[in-house]
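> Please find one structure pasted underneath; my questions will follow.
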Amino acid sequence: MSMDQLRWRPTVNERDFIERALQSDLRVDGRNSFDFRTLKITLGREDGTSEVQLGETRVMAYVTAQLVQPYRDRPNEGTLAIFTEFSPMADPAFEAGHPGESAIELGRVVDRGLRPVS
């Protein structure tokens, strides 16, 4: 299944609701247009773990690192690998054990955001 097939497209009624909500400064959660959701960052008990909460959205992260031999053609550079996984606890559509297309795409976006522009 391609990313285009997974992309959400609003119905005519949903689009009308969204347009009316934007025009009337209405948000489903009661915030005004420029109100921010509360941000909370909690470092975990184990090294490399954290939880970020933005309103009711929660993300858990685990980061590891290891020293490895650099590539011969780039002796002064290291390597960076990004792996993402969506938990079935967040949505039953996500499968445990292997990343789906959405998780792979998120990993690519994070990777592009962290690497320097050449």
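Residue names in the structure tokens use chain letters A, B, ... in the order shown, residue numbers from 1 in each chain, and ligand numbers from 1 in the order shown.
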Using DSSP assignments from the backbone, pull out every residue in region 2-76 of chain A that falls under alpha helix (DSSP H) and give it to me as a count of residues only.
16
> Identify, on the basis of only C-alpha atoms, every residue whose closest approach to region 78-85 of chain A does not exceed 6 Å; exclude the query and any residue fewer than 4 positions from it along the same chain; express the result as a list in words.
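Selected residues are Pro70, Pro99, Ala103 and Gly107 of chain A.
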> Could you please write out, as a PDB file with N, CA and C atoms, in the first residue's frame, every residue of chain A that DSSP assigns to strand (DSSP E)?

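Below is the file that was written, states35.pdb:
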ATOM      1  N   LEU A  39       3.452  21.224  26.859  1.00  0.00           N
ATOM      2  CA  LEU A  39       4.569  20.354  26.528  1.00  0.00           C
ATOM      3  C   LEU A  39       5.221  19.869  27.808  1.00  0.00           C
ATOM      4  N   LYS A  40       5.446  18.563  27.896  1.00  0.00           N
ATOM      5  CA  LYS A  40       6.103  17.986  29.062  1.00  0.00           C
ATOM      6  C   LYS A  40       7.131  16.972  28.571  1.00  0.00           C
ATOM      7  N   ILE A  41       8.382  17.112  29.018  1.00  0.00           N
ATOM      8  CA  ILE A  41       9.447  16.185  28.657  1.00  0.00           C
ATOM      9  C   ILE A  41       9.938  15.521  29.922  1.00  0.00           C
ATOM     10  N   THR A  42       9.907  14.187  29.951  1.00  0.00           N
ATOM     11  CA  THR A  42      10.338  13.428  31.118  1.00  0.00           C
ATOM     12  C   THR A  42      11.469  12.497  30.707  1.00  0.00           C
ATOM     13  N   LEU A  43      12.606  12.631  31.378  1.00  0.00           N
ATOM     14  CA  LEU A  43      13.717  11.717  31.116  1.00  0.00           C
ATOM     15  C   LEU A  43      13.461  10.430  31.884  1.00  0.00           C
ATOM     16  N   THR A  49      16.361   6.918  27.584  1.00  0.00           N
ATOM     17  CA  THR A  49      14.907   6.847  27.450  1.00  0.00           C
ATOM     18  C   THR A  49      14.271   8.173  27.833  1.00  0.00           C
ATOM     19  N   SER A  50      13.176   8.493  27.171  1.00  0.00           N
ATOM     20  CA  SER A  50      12.438   9.708  27.491  1.00  0.00           C
ATOM     21  C   SER A  50      11.006   9.582  27.014  1.00  0.00           C
ATOM     22  N   GLU A  51      10.163  10.456  27.539  1.00  0.00           N
ATOM     23  CA  GLU A  51       8.774  10.540  27.104  1.00  0.00           C
ATOM     24  C   GLU A  51       8.461  12.007  26.869  1.00  0.00           C
ATOM     25  N   VAL A  52       7.846  12.295  25.756  1.00  0.00           N
ATOM     26  CA  VAL A  52       7.419  13.654  25.432  1.00  0.00           C
ATOM     27  C   VAL A  52       5.902  13.635  25.328  1.00  0.00           C
ATOM     28  N   GLN A  53       5.272  14.571  26.026  1.00  0.00           N
ATOM     29  CA  GLN A  53       3.820  14.672  25.980  1.00  0.00           C
ATOM     30  C   GLN A  53       3.464  16.069  25.497  1.00  0.00           C
ATOM     31  N   LEU A  54       2.664  16.126  24.442  1.00  0.00           N
ATOM     32  CA  LEU A  54       2.195  17.387  23.879  1.00  0.00           C
ATOM     33  C   LEU A  54       0.675  17.311  23.886  1.00  0.00           C
ATOM     34  N   THR A  57      -1.110  13.828  23.341  1.00  0.00           N
ATOM     35  CA  THR A  57      -0.263  12.980  22.516  1.00  0.00           C
ATOM     36  C   THR A  57       1.007  12.628  23.271  1.00  0.00           C
ATOM     37  N   ARG A  58       1.315  11.333  23.335  1.00  0.00           N
ATOM     38  CA  ARG A  58       2.508  10.874  24.045  1.00  0.00           C
ATOM     39  C   ARG A  58       3.415  10.115  23.093  1.00  0.00           C
ATOM     40  N   VAL A  59       4.725  10.398  23.197  1.00  0.00           N
ATOM     41  CA  VAL A  59       5.724   9.710  22.396  1.00  0.00           C
ATOM     42  C   VAL A  59       6.808   9.228  23.339  1.00  0.00           C
ATOM     43  N   MET A  60       7.171   7.973  23.213  1.00  0.00           N
ATOM     44  CA  MET A  60       8.258   7.418  24.005  1.00  0.00           C
ATOM     45  C   MET A  60       9.435   7.169  23.074  1.00  0.00           C
ATOM     46  N   ALA A  61      10.638   7.468  23.558  1.00  0.00           N
ATOM     47  CA  ALA A  61      11.828   7.309  22.723  1.00  0.00           C
ATOM     48  C   ALA A  61      12.909   6.567  23.487  1.00  0.00           C
ATOM     49  N   TYR A  62      13.681   5.814  22.744  1.00  0.00           N
ATOM     50  CA  TYR A  62      14.821   5.087  23.296  1.00  0.00           C
ATOM     51  C   TYR A  62      15.978   5.280  22.330  1.00  0.00           C
TER      52      TYR A  62
END
> Taking only C-alpha atoms into account, which of A:Leu106, A:Leu67, A:Val12, A:Leu22 comes nearest Phe86 (chain A)?
A:Leu106
